[in-house]
$ cat start-v2.cif   # mmCIF, C-alpha atoms and all ligand atoms
data_entry
#
loop_
_atom_site.label_atom_id
_atom_site.label_comp_id
_atom_site.auth_asym_id
_atom_site.auth_seq_id
_atom_site.Cartn_x
_atom_site.Cartn_y
_atom_site.Cartn_z
CA MET A 1 -11.52 -3.38 -26.15
CA VAL A 2 -13.63 -2.98 -23.00
CA PHE A 3 -12.42 -1.63 -19.68
CA GLU A 4 -13.42 0.42 -16.67
CA PHE A 5 -11.39 2.96 -14.76
CA THR A 6 -12.48 4.78 -11.66
CA SER A 7 -10.91 7.30 -9.29
CA PRO A 8 -13.54 8.69 -6.93
CA THR A 9 -11.01 10.31 -4.54
CA ARG A 10 -10.36 14.01 -5.06
CA LEU A 11 -6.58 14.32 -5.09
CA VAL A 12 -4.88 17.46 -3.80
CA PHE A 13 -1.19 17.17 -4.73
CA GLY A 14 1.83 19.39 -4.24
CA GLN A 15 4.21 21.17 -1.92
CA GLY A 16 2.41 23.11 0.77
CA THR A 17 -0.99 21.49 0.20
CA PHE A 18 -1.04 20.16 3.79
CA ARG A 19 -2.23 23.64 4.75
CA ARG A 20 -5.55 22.86 3.05
CA LEU A 21 -6.37 20.13 5.59
CA GLY A 22 -8.78 22.27 7.63
CA GLU A 23 -10.80 23.63 4.76
CA GLU A 24 -11.09 20.21 3.12
CA ALA A 25 -12.11 18.52 6.38
CA ALA A 26 -14.73 21.18 7.07
CA LEU A 27 -16.52 20.13 3.87
CA LEU A 28 -16.95 16.63 5.31
CA GLY A 29 -17.65 17.03 9.03
CA ARG A 30 -17.29 18.94 12.27
CA ARG A 31 -15.80 16.38 14.65
CA ALA A 32 -12.86 14.37 13.35
CA LEU A 33 -11.27 11.21 14.67
CA LEU A 34 -7.67 12.17 13.91
CA VAL A 35 -5.80 8.90 13.37
CA THR A 36 -1.99 8.87 13.46
CA GLY A 37 0.83 6.41 13.94
CA THR A 38 3.65 6.12 16.39
CA ARG A 39 5.75 9.08 17.44
CA SER A 40 7.24 10.44 14.23
CA LEU A 41 4.40 12.78 13.25
CA ALA A 42 4.32 14.22 16.74
CA GLN A 43 8.09 14.69 16.63
CA THR A 44 8.02 16.52 13.32
CA GLY A 45 5.24 18.82 14.52
CA HIS A 46 2.84 17.60 11.82
CA LEU A 47 0.33 16.31 14.36
CA ASP A 48 0.11 19.66 16.15
CA ARG A 49 -0.15 21.42 12.81
CA ALA A 50 -2.99 19.11 11.77
CA ARG A 51 -4.90 19.92 14.94
CA GLU A 52 -4.35 23.66 14.44
CA LEU A 53 -5.47 23.52 10.81
CA LEU A 54 -8.60 21.58 11.72
CA SER A 55 -9.43 23.89 14.62
CA ALA A 56 -8.94 27.01 12.50
CA SER A 57 -11.62 25.70 10.14
CA GLY A 58 -14.04 24.85 12.94
CA VAL A 59 -13.34 21.10 13.02
CA GLU A 60 -12.74 19.57 16.45
CA SER A 61 -10.22 16.73 16.57
CA ILE A 62 -10.11 13.68 18.82
CA VAL A 63 -6.70 12.04 18.46
CA TYR A 64 -6.28 8.29 18.15
CA GLY A 65 -2.50 7.93 18.05
CA GLY A 66 -0.09 5.07 18.06
CA VAL A 67 -1.41 2.93 15.20
CA PRO A 68 1.36 0.31 14.78
CA PRO A 69 2.77 -1.01 11.51
CA ASN A 70 0.60 -3.90 10.26
CA PRO A 71 -2.43 -2.76 12.31
CA THR A 72 -4.64 -5.39 13.92
CA VAL A 73 -8.38 -5.81 14.33
CA GLU A 74 -7.96 -4.78 17.99
CA THR A 75 -6.48 -1.43 16.95
CA VAL A 76 -9.40 -0.84 14.61
CA ASP A 77 -11.95 -1.74 17.28
CA ASP A 78 -10.25 0.62 19.79
CA GLY A 79 -10.24 3.57 17.42
CA ALA A 80 -13.82 2.91 16.33
CA ALA A 81 -14.99 2.81 19.95
CA LEU A 82 -13.37 6.20 20.53
CA ALA A 83 -15.05 7.61 17.42
CA ARG A 84 -18.43 6.35 18.62
CA ARG A 85 -17.94 7.65 22.16
CA GLU A 86 -16.91 11.05 20.87
CA ARG A 87 -19.64 11.16 18.22
CA CYS A 88 -17.14 11.77 15.43
CA ASP A 89 -18.62 12.43 11.98
CA LEU A 90 -15.37 12.19 10.03
CA VAL A 91 -12.08 10.27 10.02
CA VAL A 92 -8.88 12.16 9.20
CA ALA A 93 -5.92 9.80 8.80
CA VAL A 94 -2.50 11.45 8.76
CA GLY A 95 0.39 9.03 8.29
CA GLY A 96 1.57 6.07 6.28
CA GLY A 97 -0.35 3.10 4.92
CA SER A 98 -0.97 1.46 8.28
CA VAL A 99 -2.55 4.63 9.65
CA MET A 100 -4.72 5.19 6.59
CA ASP A 101 -5.82 1.54 6.44
CA ALA A 102 -6.70 1.54 10.14
CA GLY A 103 -8.58 4.83 9.78
CA LYS A 104 -10.60 3.51 6.83
CA ALA A 105 -11.62 0.38 8.76
CA MET A 106 -12.44 2.46 11.88
CA ALA A 107 -14.81 4.55 9.75
CA VAL A 108 -16.84 1.39 9.10
CA VAL A 109 -16.75 -0.21 12.54
CA ALA A 110 -17.75 3.11 14.19
CA THR A 111 -20.97 3.18 12.18
CA HIS A 112 -21.99 -0.48 11.86
CA ASP A 113 -23.04 -3.21 14.27
CA THR A 114 -19.80 -5.10 13.76
CA THR A 115 -16.30 -5.79 14.96
CA ALA A 116 -13.29 -5.34 12.69
CA ARG A 117 -12.88 -9.10 12.57
CA GLN A 118 -16.44 -9.53 11.28
CA LEU A 119 -15.57 -7.23 8.38
CA LEU A 120 -12.87 -9.64 7.28
CA VAL A 121 -14.14 -13.16 7.95
CA ALA A 122 -17.47 -14.94 8.05
CA GLU A 123 -18.20 -16.61 11.36
CA ALA A 124 -20.57 -19.43 12.23
CA GLY A 125 -24.08 -18.24 11.44
CA ARG A 126 -22.96 -14.81 10.33
CA ASP A 127 -21.76 -13.53 6.94
CA LYS A 128 -19.04 -10.92 6.72
CA THR A 129 -20.28 -7.40 7.47
CA VAL A 130 -20.69 -5.42 4.26
CA PRO A 131 -19.90 -1.71 4.67
CA THR A 132 -22.69 0.66 3.71
CA ALA A 133 -23.03 4.34 2.94
CA ALA A 134 -23.29 4.92 6.70
CA THR A 135 -19.47 4.66 6.81
CA LEU A 136 -17.89 7.89 8.08
CA PRO A 137 -16.25 9.95 5.35
CA VAL A 138 -12.46 9.56 5.27
CA LEU A 139 -9.85 12.19 4.47
CA CYS A 140 -6.26 10.98 4.10
CA VAL A 141 -2.98 12.84 4.30
CA THR A 142 -0.15 10.53 3.32
CA SER A 143 3.23 10.94 4.97
CA THR A 144 5.03 8.37 2.81
CA ALA A 145 5.45 7.71 -0.89
CA GLY A 146 4.32 4.18 -0.32
CA THR A 147 1.15 2.27 -0.03
CA SER A 148 -1.25 4.42 -2.10
CA SER A 149 -3.92 3.70 0.51
CA GLU A 150 -5.02 7.31 0.06
CA LEU A 151 -6.31 6.42 -3.41
CA THR A 152 -7.70 2.91 -3.00
CA PRO A 153 -10.86 1.20 -1.70
CA PHE A 154 -8.68 -1.22 0.34
CA ALA A 155 -7.70 -1.47 3.99
CA VAL A 156 -5.25 -4.19 5.02
CA ILE A 157 -5.77 -5.36 8.60
CA THR A 158 -4.19 -8.28 10.48
CA ILE A 159 -6.24 -10.81 12.45
CA SER A 160 -3.95 -11.30 15.44
CA ASP A 161 -4.68 -14.89 16.43
CA SER A 162 -4.55 -16.40 12.92
CA HIS A 163 -1.84 -13.98 11.62
CA GLU A 164 -3.95 -13.42 8.51
CA LYS A 165 -3.25 -10.03 6.94
CA MET A 166 -6.47 -9.49 5.04
CA ALA A 167 -7.80 -6.77 2.77
CA LEU A 168 -11.15 -5.11 3.34
CA ARG A 169 -12.44 -3.82 0.03
CA SER A 170 -15.38 -1.43 -0.28
CA PRO A 171 -16.21 1.70 -2.26
CA HIS A 172 -17.39 3.22 1.02
CA ILE A 173 -13.86 3.31 2.47
CA GLN A 174 -12.43 5.02 -0.59
CA PRO A 175 -11.15 8.36 0.79
CA ARG A 176 -13.29 11.34 -0.26
CA VAL A 177 -10.24 13.60 -0.40
CA SER A 178 -6.53 12.87 -0.17
CA ILE A 179 -3.75 15.36 0.35
CA CYS A 180 -0.34 14.36 -1.03
CA ASP A 181 2.19 16.96 0.10
CA PRO A 182 5.80 15.91 -0.55
CA GLU A 183 7.00 18.13 2.33
CA LEU A 184 5.57 15.56 4.76
CA THR A 185 7.87 12.91 3.29
CA TYR A 186 11.13 14.89 3.76
CA SER A 187 11.66 13.53 7.29
CA VAL A 188 10.96 9.87 6.43
CA PRO A 189 14.17 7.91 7.28
CA PRO A 190 16.11 6.11 4.51
CA ASN A 191 15.03 2.58 5.46
CA VAL A 192 11.33 3.53 5.41
CA THR A 193 11.80 5.51 2.19
CA ALA A 194 13.36 2.42 0.60
CA ALA A 195 10.69 0.00 1.84
CA THR A 196 7.76 2.21 0.86
CA GLY A 197 9.40 2.88 -2.51
CA VAL A 198 9.59 -0.88 -3.15
CA ASP A 199 5.88 -1.04 -2.37
CA VAL A 200 5.21 1.58 -5.07
CA LEU A 201 7.36 -0.39 -7.51
CA CYS A 202 5.49 -3.63 -6.78
CA HIS A 203 2.05 -2.04 -7.09
CA ALA A 204 3.06 -0.76 -10.51
CA MET A 205 4.78 -3.92 -11.74
CA GLU A 206 1.99 -6.17 -10.52
CA ALA A 207 -0.66 -3.95 -12.13
CA PHE A 208 1.35 -3.94 -15.36
CA VAL A 209 1.41 -7.73 -15.65
CA SER A 210 -1.97 -8.41 -14.03
CA THR A 211 -4.64 -10.25 -15.99
CA ALA A 212 -6.79 -7.20 -15.07
CA ALA A 213 -4.36 -4.76 -16.76
CA GLN A 214 -5.82 -2.35 -19.29
CA PRO A 215 -4.48 0.56 -21.35
CA LEU A 216 -4.90 3.28 -18.72
CA THR A 217 -3.39 1.25 -15.90
CA ASP A 218 -0.50 0.24 -18.20
CA LEU A 219 0.28 3.91 -18.85
CA LEU A 220 0.20 4.78 -15.18
CA ALA A 221 2.15 1.72 -14.10
CA LEU A 222 4.94 2.28 -16.59
CA GLU A 223 5.26 5.92 -15.63
CA ALA A 224 5.44 4.93 -11.96
CA ILE A 225 8.12 2.29 -12.66
CA GLY A 226 10.24 4.81 -14.57
CA LEU A 227 9.98 7.39 -11.78
CA VAL A 228 10.91 4.84 -9.11
CA GLY A 229 13.96 3.77 -11.13
CA ARG A 230 15.10 7.39 -11.49
CA TYR A 231 14.20 8.93 -8.15
CA LEU A 232 14.02 6.28 -5.42
CA PRO A 233 17.81 5.94 -5.01
CA ARG A 234 18.05 9.74 -4.73
CA ALA A 235 15.25 9.95 -2.16
CA VAL A 236 16.92 7.22 -0.09
CA ARG A 237 20.34 8.92 -0.29
CA ALA A 238 19.11 12.43 0.51
CA GLY A 239 15.76 12.87 2.22
CA GLN A 240 15.86 16.61 1.59
CA ASP A 241 16.12 16.14 -2.19
CA HIS A 242 12.84 17.90 -2.88
CA GLN A 243 12.63 16.91 -6.52
CA ALA A 244 13.18 13.24 -5.73
CA ARG A 245 10.58 13.35 -2.95
CA GLU A 246 8.02 15.02 -5.20
CA GLN A 247 8.60 12.60 -8.07
CA MET A 248 8.37 9.58 -5.75
CA LEU A 249 5.07 10.86 -4.39
CA LEU A 250 3.88 11.25 -7.98
CA ALA A 251 4.99 7.66 -8.69
CA ASN A 252 2.96 6.62 -5.65
CA VAL A 253 -0.11 8.36 -7.09
CA TYR A 254 0.28 6.74 -10.51
CA ALA A 255 0.81 3.31 -8.95
CA GLY A 256 -2.16 3.91 -6.67
CA TYR A 257 -4.53 4.45 -9.58
CA ALA A 258 -3.18 1.29 -11.22
CA LEU A 259 -3.52 -0.72 -8.00
CA ALA A 260 -7.02 0.58 -7.26
CA ASN A 261 -8.19 -0.52 -10.69
CA CYS A 262 -6.28 -3.81 -11.11
CA GLY A 263 -5.85 -5.07 -7.56
CA ALA A 264 -2.68 -6.84 -6.47
CA THR A 265 -1.24 -10.07 -7.83
CA VAL A 266 1.10 -12.73 -6.58
CA MET A 267 3.84 -10.66 -4.91
CA HIS A 268 1.32 -9.02 -2.61
CA ALA A 269 -0.51 -12.33 -2.20
CA MET A 270 2.74 -13.87 -0.95
CA GLU A 271 3.90 -10.89 1.11
CA HIS A 272 0.79 -10.66 3.30
CA PRO A 273 1.48 -14.01 5.01
CA VAL A 274 5.10 -12.89 5.58
CA SER A 275 4.32 -9.71 7.53
CA GLY A 276 1.15 -11.36 8.89
CA HIS A 277 3.27 -13.98 10.68
CA TYR A 278 6.17 -11.58 11.31
CA PRO A 279 4.66 -8.16 12.10
CA HIS A 280 8.13 -6.63 12.60
CA ILE A 281 8.79 -7.06 8.86
CA ALA A 282 7.92 -3.96 6.85
CA HIS A 283 5.56 -4.69 3.95
CA GLY A 284 8.09 -3.27 1.46
CA ALA A 285 10.93 -5.35 2.88
CA GLY A 286 8.88 -8.52 2.48
CA LEU A 287 8.11 -7.51 -1.09
CA ALA A 288 11.78 -6.79 -1.81
CA ALA A 289 12.64 -10.42 -1.04
CA LEU A 290 10.02 -11.63 -3.54
CA ILE A 291 10.78 -9.38 -6.53
CA LEU A 292 13.59 -11.33 -8.18
CA PRO A 293 11.99 -14.76 -7.74
CA TRP A 294 8.80 -13.23 -9.17
CA VAL A 295 10.49 -11.90 -12.30
CA ARG A 296 12.36 -15.19 -12.81
CA ARG A 297 9.05 -17.08 -12.65
CA VAL A 298 6.59 -14.75 -14.35
CA GLY A 299 8.91 -12.79 -16.66
CA PRO A 300 9.45 -15.49 -19.30
CA ARG A 301 5.66 -15.82 -19.67
CA LEU A 302 5.37 -12.18 -20.76
CA PRO A 303 8.20 -11.38 -23.16
CA GLU A 304 6.59 -8.26 -24.69
CA LYS A 305 5.71 -6.78 -21.33
CA MET A 306 9.18 -7.55 -19.97
CA THR A 307 10.74 -5.71 -22.89
CA THR A 308 8.65 -2.65 -22.11
CA LEU A 309 9.40 -3.01 -18.40
CA ALA A 310 13.12 -3.18 -19.10
CA ALA A 311 12.89 0.06 -21.06
CA ALA A 312 10.91 1.75 -18.27
CA LEU A 313 13.64 0.78 -15.82
CA GLY A 314 16.21 2.57 -17.93
CA GLY A 315 17.27 -0.12 -20.36
CA SER A 316 16.83 -0.11 -24.09
CA GLU A 317 14.22 -2.08 -25.95
CA ALA A 318 16.54 -2.32 -28.94
CA GLY A 319 18.23 -5.67 -29.28
CA LEU A 320 16.33 -7.40 -26.51
CA THR A 321 15.23 -10.89 -27.37
CA ARG A 322 12.37 -12.72 -25.71
CA VAL A 323 14.84 -14.46 -23.44
CA SER A 324 17.04 -11.49 -22.67
CA ALA A 325 14.15 -9.15 -21.78
CA ALA A 326 13.26 -10.95 -18.55
CA ALA A 327 16.96 -11.30 -17.67
CA ASP A 328 17.43 -7.60 -18.35
CA VAL A 329 14.54 -6.74 -16.02
CA GLU A 330 16.02 -9.02 -13.35
CA ASP A 331 19.43 -7.31 -13.64
CA ALA A 332 17.91 -3.83 -13.54
CA LEU A 333 15.80 -4.67 -10.50
CA ALA A 334 18.74 -6.30 -8.71
CA ASP A 335 20.79 -3.12 -9.28
CA LEU A 336 17.94 -0.94 -8.02
CA LEU A 337 17.43 -3.05 -4.87
CA ARG A 338 21.18 -3.01 -4.14
CA SER A 339 21.34 0.76 -4.55
CA ILE A 340 18.68 1.29 -1.87
CA GLY A 341 19.90 -1.40 0.55
CA MET A 342 16.94 -3.67 -0.13
CA ASP A 343 18.67 -6.70 -1.66
CA LEU A 344 17.09 -8.92 0.96
CA ARG A 345 16.12 -12.53 1.27
CA LEU A 346 13.42 -13.90 3.55
CA ARG A 347 16.11 -15.45 5.78
CA ASP A 348 17.66 -11.98 6.28
CA LEU A 349 14.30 -10.78 7.60
CA GLY A 350 14.14 -13.46 10.30
CA VAL A 351 11.67 -15.80 8.57
CA ALA A 352 12.10 -19.42 9.70
CA ASP A 353 12.47 -21.93 6.88
CA ASP A 354 9.86 -24.22 8.44
CA MET A 355 7.27 -21.44 7.96
CA LEU A 356 7.45 -21.48 4.16
CA THR A 357 4.91 -24.27 3.76
CA GLN A 358 2.51 -22.53 6.15
CA MET A 359 2.86 -19.26 4.27
CA ALA A 360 2.26 -20.98 0.92
CA THR A 361 -0.92 -22.51 2.37
CA ASP A 362 -2.01 -19.08 3.66
CA THR A 363 -1.36 -17.47 0.28
CA LEU A 364 -3.64 -19.92 -1.47
CA ARG A 365 -6.29 -19.76 1.26
CA TYR A 366 -6.93 -16.07 1.81
CA MET A 367 -5.05 -14.35 -1.03
CA ARG A 368 -6.18 -16.67 -3.82
CA LEU A 369 -8.00 -13.92 -5.74
CA ALA A 370 -4.75 -12.00 -6.08
CA VAL A 371 -2.87 -15.17 -7.07
CA ALA A 372 -5.50 -15.76 -9.75
CA LYS A 373 -4.55 -12.50 -11.48
CA THR A 374 -1.07 -13.84 -12.23
CA PRO A 375 -0.73 -14.52 -15.96
CA GLY A 376 -0.51 -18.23 -16.60
CA GLY A 377 -1.67 -19.04 -13.08
CA LEU A 378 0.32 -20.58 -10.25
CA THR A 379 -0.06 -23.95 -8.57
CA ALA A 380 0.52 -24.63 -4.87
CA ALA A 381 3.91 -26.09 -5.80
CA ASP A 382 4.77 -22.91 -7.77
CA VAL A 383 3.99 -20.72 -4.76
CA LEU A 384 6.15 -22.86 -2.47
CA ASP A 385 8.96 -22.77 -5.07
CA LEU A 386 8.73 -18.97 -5.13
CA TYR A 387 9.03 -18.79 -1.33
CA GLU A 388 12.01 -21.14 -1.43
CA ASP A 389 13.65 -19.08 -4.15
CA ALA A 390 13.11 -15.96 -2.00
CA TYR A 391 14.55 -17.65 1.09
FE FE A 401 1.49 -2.78 -1.04
#

$ encode --input "start-v2.cif" --output "structure tokens"
Amino acid sequence: MVFEFTSPTRLVFGQGTFRRLGEEAALLGRRALLVTGTRSLAQTGHLDRARELLSASGVESIVYGGVPPNPTVETVDDGAALARRERCDLVVAVGGGSVMDAGKAMAVVATHDTTARQLLVAEAGRDKTVPTAATLPVLCVTSTAGTSSELTPFAVITISDSHEKMALRSPHIQPRVSICDPELTYSVPPNVTAATGVDVLCHAMEAFVSTAAQPLTDLLALEAIGLVGRYLPRAVRAGQDHQAREQMLLANVYAGYALANCGATVMHAMEHPVSGHYPHIAHGAGLAALILPWVRRVGPRLPEKMTTLAAALGGSEAGLTRVSAAADVEDALADLLRSIGMDLRLRDLGVADDMLTQMATDTLRYMRLAVAKTPGGLTAADVLDLYEDAY
């Protein structure tokens, strides 16, 4: 057995740990580009608190607010220009996955002779820009139990004109420190809690079945799946359920380590074209539509893993046959999705049926490395079948 596992981000986890933002930032820089999303953090007072904490530790903050869901290359270029103008030496991203991804990409563009687009695609006569150690250090504070961006070397950015939602991958954008304080997630509304929770579930399930899976990621993925099954419905029902919020954030951490070490597989490969073409669709909602088709297609190929997955979701391994294990997982997942209001199909999300072929082509063009980690592989016809099943 041979495997590698890495986790270079120092994780600070627990209730009240947000108060450590200033002291942690002061170890990395003196002038922070403080990246946030749309209004919610300002409304909850977390943005003001972040500025106060930074200031109290001698770190000036220059706010780049309003990062939208599914951030674009233009957003990244804007924020990076501000960081350059203001001579920032640090990026502090406080928010959900979109904010953290945008902040990580800004840290590169601010310090390299490049645009965000050139980080993602090669152009005529020019290779993609490769981030170097000149990248500004990044500190993340996550406000959702969702994308695990605070623990990964990935930043997902959309190229506006081609609608390609592409992942930048570099060890230099791996956050130096991440603060995971469940108190910041208490005010997340039920629909966002549900969508981000589905993202956690998919990171864990995809890592668990990935061809890159290994013993440590299996452990973490299974633990994450079990916690999602137990605590996501509670967190959606009652945002102030502190135990559920804490356990979901822990699930997010476990899934993040699995994702960072395995990468995504076919569900993420197929979701990126969905929210790439339809930016109003939350990443987790797009994933929710793909889960049951995925388990119907991939489950029967992995009977042992499906049996374990069924047990993690609250079923019993006893008595499960090779056929019934995948069906059991499908039933358990269908129940879970119903309980959190995420039993969605692509048509419910506003996807046009004549876009399925385009999205299948996109999946195989720019997400082919993730598709390739699907056990047994998938042909172009398989991918289109999966989209049609999800429609
Ligand atoms: Fe994701």

$ residues_near_ligand --input "start-v2.cif" --ligand "ligand FE 401 (chain A)" --cutoff "9 Å" --atoms "only C-alpha atoms and all ligand atoms" --output "PyMOL selection string"
chain A and resi 97+146-149+196+198-200+202-203+259+264+268+271+283-284+287

$ closest_atom_pairs --input "start-v2.cif" --of "region 280-389 of chain A" --to "region 52-73 of chain A" --cutoff "9 Å" --atoms "all atoms listed in the file" --output "JSON lines"
{"residue": "A:His280", "atom": "CA", "partner": "A:Pro69", "partner_atom": "CA", "distance": 7.8}
{"residue": "A:Ile281", "atom": "CA", "partner": "A:Asn70", "partner_atom": "CA", "distance": 8.9}
{"residue": "A:Ala282", "atom": "CA", "partner": "A:Pro69", "partner_atom": "CA", "distance": 7.5}
{"residue": "A:His283", "atom": "CA", "partner": "A:Asn70", "partner_atom": "CA", "distance": 8.1}

$ residues_around --input "start-v2.cif" --residues "region 348-351 of chain A" --least-positions-apart "5" --cutoff "10 Å" --atoms "all atoms listed in the file" --output "ChimeraX atom specification"
/A:274-275,277-278,280-282,285-286,289,343,356,391

$ residues_around --input "start-v2.cif" --residues "Lys104 (chain A)" --least-positions-apart "4" --cutoff "8 Å" --atoms "all atoms listed in the file" --output "list of chain:residue names"
A:Val91, A:Met100, A:Val108, A:Val138, A:Ala155, A:Ile173, A:Gln174, A:Pro175

$ atom_distance --input "start-v2.cif" --atom1 "CA of Arg51 (chain A)" --atom2 "CA of Arg31 (chain A)"
11.5 Å

$ axis_aligned_box --input "start-v2.cif" --around "region 59-77 of chain A" --padding-each-side "8 Å" --output "lines of an AutoDock Vina configuration file"
center_x = -5.3
center_y = 7.6
center_z = 14.5
size_x = 32.1
size_y = 42.9
size_z = 24.6

$ build_atoms --input "start-v2.cif" --residues "region 40-62 of chain A" --atoms "N, CA and C atoms" --output "PDB file, in the frame of the given file"
ATOM      1  N   SER A  40       6.536   9.558  15.161  1.00  0.00           N
ATOM      2  CA  SER A  40       7.240  10.440  14.230  1.00  0.00           C
ATOM      3  C   SER A  40       6.465  11.699  13.849  1.00  0.00           C
ATOM      4  N   LEU A  41       5.155  11.577  13.646  1.00  0.00           N
ATOM      5  CA  LEU A  41       4.400  12.780  13.250  1.00  0.00           C
ATOM      6  C   LEU A  41       4.347  13.792  14.377  1.00  0.00           C
ATOM      7  N   ALA A  42       4.301  13.300  15.605  1.00  0.00           N
ATOM      8  CA  ALA A  42       4.320  14.220  16.740  1.00  0.00           C
ATOM      9  C   ALA A  42       5.676  14.910  16.809  1.00  0.00           C
ATOM     10  N   GLN A  43       6.739  14.129  16.551  1.00  0.00           N
ATOM     11  CA  GLN A  43       8.090  14.690  16.630  1.00  0.00           C
ATOM     12  C   GLN A  43       8.341  15.749  15.562  1.00  0.00           C
ATOM     13  N   THR A  44       7.786  15.551  14.389  1.00  0.00           N
ATOM     14  CA  THR A  44       8.020  16.520  13.320  1.00  0.00           C
ATOM     15  C   THR A  44       7.094  17.726  13.432  1.00  0.00           C
ATOM     16  N   GLY A  45       6.168  17.700  14.366  1.00  0.00           N
ATOM     17  CA  GLY A  45       5.240  18.820  14.520  1.00  0.00           C
ATOM     18  C   GLY A  45       4.016  18.733  13.622  1.00  0.00           C
ATOM     19  N   HIS A  46       3.958  17.686  12.763  1.00  0.00           N
ATOM     20  CA  HIS A  46       2.840  17.600  11.820  1.00  0.00           C
ATOM     21  C   HIS A  46       1.512  17.308  12.526  1.00  0.00           C
ATOM     22  N   LEU A  47       1.574  16.610  13.648  1.00  0.00           N
ATOM     23  CA  LEU A  47       0.330  16.310  14.360  1.00  0.00           C
ATOM     24  C   LEU A  47      -0.266  17.589  14.954  1.00  0.00           C
ATOM     25  N   ASP A  48       0.596  18.386  15.600  1.00  0.00           N
ATOM     26  CA  ASP A  48       0.110  19.660  16.150  1.00  0.00           C
ATOM     27  C   ASP A  48      -0.434  20.552  15.037  1.00  0.00           C
ATOM     28  N   ARG A  49       0.283  20.576  13.941  1.00  0.00           N
ATOM     29  CA  ARG A  49      -0.150  21.420  12.810  1.00  0.00           C
ATOM     30  C   ARG A  49      -1.509  20.948  12.302  1.00  0.00           C
ATOM     31  N   ALA A  50      -1.701  19.629  12.228  1.00  0.00           N
ATOM     32  CA  ALA A  50      -2.990  19.110  11.770  1.00  0.00           C
ATOM     33  C   ALA A  50      -4.111  19.577  12.696  1.00  0.00           C
ATOM     34  N   ARG A  51      -3.860  19.499  13.976  1.00  0.00           N
ATOM     35  CA  ARG A  51      -4.900  19.920  14.940  1.00  0.00           C
ATOM     36  C   ARG A  51      -5.204  21.413  14.789  1.00  0.00           C
ATOM     37  N   GLU A  52      -4.147  22.206  14.609  1.00  0.00           N
ATOM     38  CA  GLU A  52      -4.350  23.660  14.440  1.00  0.00           C
ATOM     39  C   GLU A  52      -5.142  23.959  13.168  1.00  0.00           C
ATOM     40  N   LEU A  53      -4.782  23.274  12.092  1.00  0.00           N
ATOM     41  CA  LEU A  53      -5.470  23.520  10.810  1.00  0.00           C
ATOM     42  C   LEU A  53      -6.942  23.140  10.911  1.00  0.00           C
ATOM     43  N   LEU A  54      -7.212  22.008  11.573  1.00  0.00           N
ATOM     44  CA  LEU A  54      -8.600  21.580  11.720  1.00  0.00           C
ATOM     45  C   LEU A  54      -9.365  22.581  12.583  1.00  0.00           C
ATOM     46  N   SER A  55      -8.765  22.974  13.689  1.00  0.00           N
ATOM     47  CA  SER A  55      -9.430  23.890  14.620  1.00  0.00           C
ATOM     48  C   SER A  55      -9.725  25.233  13.939  1.00  0.00           C
ATOM     49  N   ALA A  56      -8.759  25.704  13.153  1.00  0.00           N
ATOM     50  CA  ALA A  56      -8.940  27.010  12.500  1.00  0.00           C
ATOM     51  C   ALA A  56     -10.109  26.994  11.516  1.00  0.00           C
ATOM     52  N   SER A  57     -10.482  25.799  11.058  1.00  0.00           N
ATOM     53  CA  SER A  57     -11.620  25.700  10.140  1.00  0.00           C
ATOM     54  C   SER A  57     -12.881  25.207  10.854  1.00  0.00           C
ATOM     55  N   GLY A  58     -12.841  25.210  12.178  1.00  0.00           N
ATOM     56  CA  GLY A  58     -14.040  24.850  12.940  1.00  0.00           C
ATOM     57  C   GLY A  58     -14.267  23.359  13.076  1.00  0.00           C
ATOM     58  N   VAL A  59     -13.203  22.557  12.881  1.00  0.00           N
ATOM     59  CA  VAL A  59     -13.340  21.100  13.020  1.00  0.00           C
ATOM     60  C   VAL A  59     -12.615  20.667  14.297  1.00  0.00           C
ATOM     61  N   GLU A  60     -13.361  20.095  15.234  1.00  0.00           N
ATOM     62  CA  GLU A  60     -12.740  19.570  16.450  1.00  0.00           C
ATOM     63  C   GLU A  60     -12.013  18.271  16.122  1.00  0.00           C
ATOM     64  N   SER A  61     -10.923  17.991  16.846  1.00  0.00           N
ATOM     65  CA  SER A  61     -10.220  16.730  16.570  1.00  0.00           C
ATOM     66  C   SER A  61     -10.049  15.922  17.847  1.00  0.00           C
ATOM     67  N   ILE A  62     -10.318  14.637  17.728  1.00  0.00           N
ATOM     68  CA  ILE A  62     -10.110  13.680  18.820  1.00  0.00           C
ATOM     69  C   ILE A  62      -9.014  12.747  18.314  1.00  0.00           C
TER      70      ILE A  62
END
